[in-house]
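Undergrad: Structure incoming, see below.
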Amino acid sequence: MAGYAGSDEPAHLVRSHAAQPLDSVRAARRVHRHRFLRAAADRAGAAGKTPRRRARPRGDRGPGARESLRAVGDDRAARHPPGGQVRLVRGLGTALRELRRARLARWRLGAACDRARWLPPRRRDRADGRPSFADIIAKLTPPPGAAPVPARPPPARPVRIGSLTVRDARIDFADRSRSRPFATVVGPLSFHLTEFRTVGERGAPYRFAATTEAGEKLEWQGTLSAEPLRSRGELKLENIALAKYAAYYADRTQAELADGRLSVRGRYEADLSSPARVLRLTDGAVQLRGLKLLERANRAPALELAAFDVAGAEFDAVKLAGRIAAVRASGGRVAVRREPDGTLNWRAMLAPPPAAGTPAVAASPASAPAAPAAPASPLPDVRVGEVALQDFQVEVTDLAAPRPAKLALGGLQFSLRDVSLADGAEMPLRLAFDWAPQGKVSVAGKVSVRPDLRAELQTEVADFALLPLSPYLEQQLNARIAQGAVSCRQSLRLVPGATGTAVTATGDLRVDRLGLVDGALQEDLAGFTSLALNGLAVATAPTLSATLKEVAVVGPYARVVVREDKSINLAGLVRPAPIPEPGAARGAAPAPAATPAAAPRIAIGAVKIEAGDFSFVDRSLSPQVRMALGQFGGTIGGMSSENPARADVDLHGTVDGAGPVAITGQLDPLGTPRFVNVKVDFKNVDLLPLSPYSGKYAGYELARGKLALDVKAQVEGSQLRSENVLTLQQFTFGAAVNSPDATQLPVRLGVALLKDLDGRIVIDVPVSGDLSDPDLKISRVVWRVIGNLLTKAAVSPFALLGSMFGGGGDELAFQEFDPGLATLRAAERGKLDTLVKALTNRPGLSLGIEGGYDGPADSFVLQRQKLAALVRAKIWEERRAADPNLPPPDRLEIAPEAYAAKLKQLFDEKFPPGTQFGTPLPAAPAVATPPPPPRGFFQRVVRALTLAERREQRAAAAENAKRATEHEQAVAAAAATGLPLEEMTGRLAATLAVAPDDLRASPPRAPSGCATT
């Protein structure tokens, strides 16, 4: 019998009848005791033995007493110390005590206990978890320091129990030492044992049956023998309510077993006698119904299982062998969730809950040395006829992806037959499930796990939808899967290899209706109608290799979009790798350098492309720019990483349905070194769709124009050599556009300078360099060349013309003349010849002539020309008065002396001699004066008496007259001589005005040319 856990009182708790007064209890006990001893004495006398002397109680029945003892209603009262409670145990206690006192060699004992019941104590269970009968166990346990029990105790006297029966018993069991209190009632409980002997090989039949308040049933029946210890029988547990026992696993897991009924049955045979020990289970079976497992944190269902069955179980613990006919589970539903931090709900759910207030124990930096590995014990020989899952559903929710992912498998069927851990055992396998929202997957074949993993499987996937996998693509790309389905048939083989398991896969794979959507614009980004990989073969040993017989792509498309903010959708397609936190890897030890793996072997038989459609849209402009490359397709020949043969390329398409495009040549992208030799030819591509670009950046719309592009590119290793010839045909600007982004360069002039007689603009841009150089950008080089041409055409058009037509630079823009003359210098004749050639070959180019002058130089000459004309006119007028038939002034011959005399006359008239600008005359002489009178009186008297003052005045007057005469003669001579002719010419010319109209009307000194369209 079991005890009620947690009380510190003795477990005297068995009861059969209602309590009787204490005196009647003692009287009944004496009666039973005397009857028992009398019967024992009678049997001893019959056996010829002298019984021990004992007082014969009254009421002895004598020799005719029954040989069986039936203890009914015998009560014993046990009173605890003051303050305790009275507990009664009735039934077997007295009978067993009297049997122990009898010390007879053989007894036939029959005992029965009707309606036995545990009386629950009123005190609470012990907090330390010890049972309420712990004090009894303590009394039966030897104290510390006691003499050890001998290994082989002396043989006990044999005992035989004819019959032992317990009926309608009840056990009230409660356990309050758990975090959740547990209580159950076992009853009615019955036990029946017959013909039990402590010696002999005959087994005593027994039967045990019990039922709990929850309808759980326990049945145990069979035979039992003590010497040798041997038992055989059948055990049944039915309808065990698993949720009821949550108190015993609640502290070990964070899962909540909400429902589930377990049934176990089996036949056993145990024989512990040496040497032929037997410990065997046969006809074992396990049934589990209605299992429901919840997450304790949120009460979300994690596992639901309608039925789980183990049938035909046979185990031999001595031989370490077992057989199970079938393990089957059906109607299951499993929910798996990955949290944002990457942990799985199942891992957290099955882990024990953290203890409240218990600090985490840090791991010791120095671990103890590992103990030597024990020799591996042989694996048990366990075989299972079939492991099967039927109608399972698996739901996976991934919250760690950028967008929550939900994956669902339905109708899962799994079968693994002939399961065994024996070496070389092959197990047939079948797996099939439905994929939501569409798709079916099936796997069939054979697998073997010992001594190495081996498998030969056939897989078939039909219309496997890719849409649920989009969140995982979004981890790497800023795009979503809008649609798509995968279908394949593969043969998969796993065999042990030198470096691990070698995998070989062969078959075909097909992807249909794949569509990617831009993650930002929610518009079509790329995809195709179908992609077929025919003849696919992948192997991981001896080296990684992949072979394709044919790659067929139908309807590939891509959409390149320039957004309103001028960003390109493809530029942000690949998500940047996360930046590690500063110092995160500072303390980490550097990883050892990995041995570079051998390059994989790749071979592709052919690539076929059909009905490709690629478009470009620029929404940053108004109107938008739209261009498309359609009808793209062709073939690419065989490629191989080992075969030096080069694949032929033949691809064709059209731009906007009119401009043909051809890509031809050879390439070997998989070889070492890489080799590419292709020719790209664009013809007759209409440039009108690009008119918004012209209006925005050039300031003019496009009136018409065609593009032709001829590219010859060759790549060997990382070295690039490319010849790029860009031809614009009939490229013509239209109406002007008021654009703030337009260049200030004269682009029309640039176009006119570059356009030839046939209306073509040919730009040759050779490019060469190392592809590994990050600064090498082919498109950047081409546009830089074109930009430089336009800039040079705008800034130095004559230098550009000179470089194209015979030499010369910016000096072609000017023709030099002498001041005041219209005669071209001889050295300027070559410039005109170059300009004539350029104008002949550039019909769109016209040359505007603008006269120019040098104001100071030309005014200087024009003033002298006017003065000369004036002098000539004056002489002509004087002579015409004498000769009316005189020729015109420009034809009049004038001697230099006459010209000089007339020039002096005009000069003196304009600037009289002695004036500021006239001929300079001698200065007037100083006036002579007599000396001043003396200061003394006597001297003045003497001078007056001698007339000295008068003589001095007369002398001064004579000197002044002389000086005047000399001055007049000097003035006359200076006036007659005049200034030098050049000086007079300059001063007179300076008085003549030269107006701007005179400069413009005069013959140009240095006319400049300006090229315009």
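Ordered as shown in the structure tokens, chains take letters A, B, and onward, while each chain numbers its residues from 1 and ligands are numbered from 1 in the order shown.
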Excluding Phe182 of chain A and its own-chain neighbours fewer than 6 positions away, which residues fall within 10 Å of it when counting only C-alpha atoms? Please give them as a PyMOL selection string.

TA: chain A and resi 173-176+244-248

Undergrad: Show which residues sit within 10 Å of Lys904 of chain A, as a list of chain:residue names. Count only C-alpha atoms, and ignore same-chain residues fewer than 2 positions away.

TA: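 Selected residues are A:Val871, A:Ala898, A:Tyr899, A:Ala900, A:Ala901, A:Lys902, A:Leu906, A:Phe907, A:Asp908, A:Glu909, A:Lys910, A:Phe911, A:Thr919, A:Ala975, A:Ala976, A:Thr977, A:Gly978, A:Leu979, A:Pro980, A:Leu981, A:Met984, A:Thr985, A:Leu988.
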
Undergrad: Restricting the output to N, CA and C atoms, write the selected residues as a compact mmCIF listing (two decimals), in the first residue's frame.

TA:
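Contents of again.txt, freshly written:
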```
# COMPACT_ATOMS: atom_id res chain seq x y z
N VAL A 871 44.74 118.12 -96.44
CA VAL A 871 45.84 118.86 -97.09
C VAL A 871 45.70 118.77 -98.60
N ALA A 898 55.32 120.88 -101.40
CA ALA A 898 54.03 121.56 -101.41
C ALA A 898 53.13 121.00 -100.29
N TYR A 899 53.19 119.68 -100.13
CA TYR A 899 52.37 119.05 -99.09
C TYR A 899 52.81 119.55 -97.73
N ALA A 900 54.17 119.69 -97.51
CA ALA A 900 54.68 120.13 -96.23
C ALA A 900 54.32 121.59 -96.00
N ALA A 901 54.41 122.45 -97.08
CA ALA A 901 54.09 123.86 -96.91
C ALA A 901 52.62 124.04 -96.55
N LYS A 902 51.73 123.24 -97.25
CA LYS A 902 50.29 123.37 -96.94
C LYS A 902 49.98 122.82 -95.56
N LEU A 906 48.26 124.95 -92.59
CA LEU A 906 47.09 124.50 -91.82
C LEU A 906 47.42 124.38 -90.34
N PHE A 907 48.63 124.02 -90.05
CA PHE A 907 49.04 123.88 -88.66
C PHE A 907 49.11 125.23 -87.99
N ASP A 908 49.72 126.24 -88.73
CA ASP A 908 49.82 127.55 -88.13
C ASP A 908 48.44 128.18 -87.94
N GLU A 909 47.54 127.83 -88.88
CA GLU A 909 46.20 128.37 -88.72
C GLU A 909 45.49 127.72 -87.52
N LYS A 910 45.74 126.47 -87.39
CA LYS A 910 45.09 125.76 -86.28
C LYS A 910 45.78 126.06 -84.97
N PHE A 911 47.06 126.12 -85.01
CA PHE A 911 47.86 126.37 -83.82
C PHE A 911 48.83 127.51 -84.14
N THR A 919 53.85 126.53 -83.11
CA THR A 919 55.31 126.52 -83.17
C THR A 919 55.82 127.32 -82.00
N ALA A 975 59.03 131.21 -86.71
CA ALA A 975 57.75 131.04 -87.39
C ALA A 975 57.94 130.53 -88.79
N ALA A 976 58.94 131.00 -89.48
CA ALA A 976 59.18 130.53 -90.83
C ALA A 976 59.63 129.08 -90.86
N THR A 977 60.39 128.70 -89.89
CA THR A 977 60.88 127.28 -89.87
C THR A 977 59.78 126.31 -89.45
N GLY A 978 59.05 126.64 -88.41
CA GLY A 978 57.99 125.76 -87.89
C GLY A 978 58.51 124.52 -87.20
N LEU A 979 57.51 123.58 -86.86
CA LEU A 979 57.86 122.32 -86.19
C LEU A 979 58.20 121.25 -87.20
N PRO A 980 58.76 120.15 -86.76
CA PRO A 980 59.01 119.04 -87.68
C PRO A 980 57.68 118.56 -88.30
N LEU A 981 57.77 118.05 -89.49
CA LEU A 981 56.56 117.65 -90.24
C LEU A 981 55.77 116.56 -89.50
N MET A 984 53.95 118.13 -86.58
CA MET A 984 52.79 118.90 -86.99
C MET A 984 51.68 117.98 -87.47
N THR A 985 52.04 116.90 -88.17
CA THR A 985 51.03 115.94 -88.64
C THR A 985 50.30 115.32 -87.46
N LEU A 988 47.99 117.94 -85.73
CA LEU A 988 46.80 118.24 -86.53
C LEU A 988 45.86 117.04 -86.60
```

Undergrad: Can you tell me how far atom CA of Pro275 of chain A sits from atom CA of Leu320 of chain A, in Å to one decimal?

TA: 16.3 Å

Undergrad: Given the choices A:Ala436, A:Leu870, A:Ala425, A:Ala325, which gets closest to Pro451 of chain A if the distance is worked out from only C-alpha atoms?

TA: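 That would be A:Ala425, the residue with the smallest distance to Pro451 of chain A.
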
Undergrad: Need to verify the contact set: Arg328 of chain A, 8 Å, only C-alpha atoms, exclusion of same-chain residues closer than 5 positions in sequence. Can you return it as a PDB file with N, CA and C atoms, in the first residue's frame?

TA:
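So part.pdb came out as:
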```pdb
ATOM      1  N   PHE A 308      -1.850   7.891 -31.923  1.00  0.00           N
ATOM      2  CA  PHE A 308      -0.483   7.369 -31.996  1.00  0.00           C
ATOM      3  C   PHE A 308      -0.526   5.934 -31.486  1.00  0.00           C
ATOM      4  N   ASP A 309      -0.006   5.016 -32.304  1.00  0.00           N
ATOM      5  CA  ASP A 309      -0.101   3.599 -31.967  1.00  0.00           C
ATOM      6  C   ASP A 309       1.256   2.933 -32.167  1.00  0.00           C
ATOM      7  N   VAL A 310       1.599   2.098 -31.181  1.00  0.00           N
ATOM      8  CA  VAL A 310       2.734   1.187 -31.293  1.00  0.00           C
ATOM      9  C   VAL A 310       2.162  -0.211 -31.133  1.00  0.00           C
ATOM     10  N   GLU A 386       7.336  -0.922 -39.545  1.00  0.00           N
ATOM     11  CA  GLU A 386       6.993   0.294 -40.286  1.00  0.00           C
ATOM     12  C   GLU A 386       6.818   1.447 -39.305  1.00  0.00           C
ATOM     13  N   VAL A 387       7.366   2.577 -39.688  1.00  0.00           N
ATOM     14  CA  VAL A 387       7.101   3.840 -39.010  1.00  0.00           C
ATOM     15  C   VAL A 387       6.321   4.698 -39.993  1.00  0.00           C
ATOM     16  N   ALA A 388       5.123   5.106 -39.608  1.00  0.00           N
ATOM     17  CA  ALA A 388       4.241   5.782 -40.564  1.00  0.00           C
ATOM     18  C   ALA A 388       3.603   6.996 -39.926  1.00  0.00           C
ATOM     19  N   LEU A 389       3.510   8.049 -40.704  1.00  0.00           N
ATOM     20  CA  LEU A 389       2.755   9.244 -40.354  1.00  0.00           C
ATOM     21  C   LEU A 389       1.684   9.431 -41.423  1.00  0.00           C
ATOM     22  N   GLN A 390       0.475   9.727 -40.988  1.00  0.00           N
ATOM     23  CA  GLN A 390      -0.636   9.885 -41.928  1.00  0.00           C
ATOM     24  C   GLN A 390      -1.397  11.161 -41.594  1.00  0.00           C
TER      25      GLN A 390
END
```

Undergrad: Would you list, as a ChimeraX atom specification, the residues of segment 761-929 of chain A that end up in strand (DSSP E or B) under DSSP run on this structure's backbone?

TA: /A:761-770,814,817,824,846-850

Undergrad: Would you mind listing what lies within 12 Å of Arg951 of chain A as a PyMOL selection string, with only C-alpha atoms counted and same-chain residues fewer than 5 positions away left out?

TA: chain A and resi 929-931+943-944+946+956-958

Undergrad: Could you take the residues named above and write them with N, CA and C atoms, as a PDB file, in the first residue's frame?

TA:
```pdb
ATOM      1  N   THR A 929      67.325 147.945 -66.942  1.00  0.00           N
ATOM      2  CA  THR A 929      66.951 149.065 -66.082  1.00  0.00           C
ATOM      3  C   THR A 929      68.211 149.680 -65.479  1.00  0.00           C
ATOM      4  N   PRO A 930      68.183 151.049 -65.219  1.00  0.00           N
ATOM      5  CA  PRO A 930      69.352 151.681 -64.588  1.00  0.00           C
ATOM      6  C   PRO A 930      69.490 151.183 -63.157  1.00  0.00           C
ATOM      7  N   PRO A 931      70.714 151.349 -62.616  1.00  0.00           N
ATOM      8  CA  PRO A 931      70.930 150.911 -61.255  1.00  0.00           C
ATOM      9  C   PRO A 931      70.165 151.777 -60.268  1.00  0.00           C
ATOM     10  N   ARG A 943      75.532 162.610 -57.499  1.00  0.00           N
ATOM     11  CA  ARG A 943      74.990 162.082 -58.740  1.00  0.00           C
ATOM     12  C   ARG A 943      74.128 163.121 -59.415  1.00  0.00           C
ATOM     13  N   ALA A 944      73.411 163.873 -58.700  1.00  0.00           N
ATOM     14  CA  ALA A 944      72.583 164.915 -59.317  1.00  0.00           C
ATOM     15  C   ALA A 944      73.451 166.006 -59.950  1.00  0.00           C
ATOM     16  N   THR A 946      76.429 165.627 -61.088  1.00  0.00           N
ATOM     17  CA  THR A 946      77.196 165.076 -62.213  1.00  0.00           C
ATOM     18  C   THR A 946      76.321 164.512 -63.308  1.00  0.00           C
ATOM     19  N   ALA A 956      70.234 152.287 -70.629  1.00  0.00           N
ATOM     20  CA  ALA A 956      69.235 151.196 -70.488  1.00  0.00           C
ATOM     21  C   ALA A 956      68.269 151.218 -71.644  1.00  0.00           C
ATOM     22  N   ALA A 957      67.818 152.362 -72.100  1.00  0.00           N
ATOM     23  CA  ALA A 957      66.884 152.431 -73.227  1.00  0.00           C
ATOM     24  C   ALA A 957      67.528 151.904 -74.488  1.00  0.00           C
ATOM     25  N   ALA A 958      68.773 152.227 -74.708  1.00  0.00           N
ATOM     26  CA  ALA A 958      69.476 151.722 -75.898  1.00  0.00           C
ATOM     27  C   ALA A 958      69.571 150.194 -75.860  1.00  0.00           C
TER      28      ALA A 958
END
```

Undergrad: Tell me, in Å to one decimal, how far atom CA of Leu862 of chain A is from atom CA of Ala881 of chain A.

TA: 28.6 Å

Undergrad: Excluding Asp316 of chain A and any residue of its chain fewer than 6 positions from it, enumerate the residues within 9 Å of it, using only C-alpha atoms, and give them as a PyMOL selection string.

TA: chain A and resi 278-282+322

Undergrad: Measuring between only C-alpha atoms, which one of A:Val517, A:Thr499, A:Arg872, A:Asp833 shows the shortest distance to Ala895 of chain A?

TA: A:Arg872

Undergrad: Take atom CA of Ala611 of chain A and atom CA of Arg563 of chain A and report the distance between them in Å, one decimal.

TA: 26.6 Å

Undergrad: As a list of chain:residue names, please: the residues near Phe733 of chain A (cut-off 12 Å, only C-alpha atoms, same-chain neighbours under 6 positions excluded).

TA: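 After dropping sequence-adjacent residues, the list is A:Leu687, A:Leu688, A:Leu690, A:Ser691, A:Pro692, A:Tyr693, A:Ser694, A:Gly695, A:Ala698, A:Gly699, A:Tyr700, A:Glu701, A:Leu702, A:Ala703, A:Arg704, A:Gly705, A:Pro746, A:Val747, A:Arg748, A:Leu749, A:Gly750, A:Val751, A:Ala752, A:Gly844, A:Thr1013.
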
Undergrad: Do you know which residues are at most 10 Å from Trp435 of chain A counting only C-alpha atoms, after dropping those on the same chain fewer than 2 positions away, and could you put them as a ChimeraX atom specification?

TA: /A:394,407-412,432-433,437-441,461-466,468
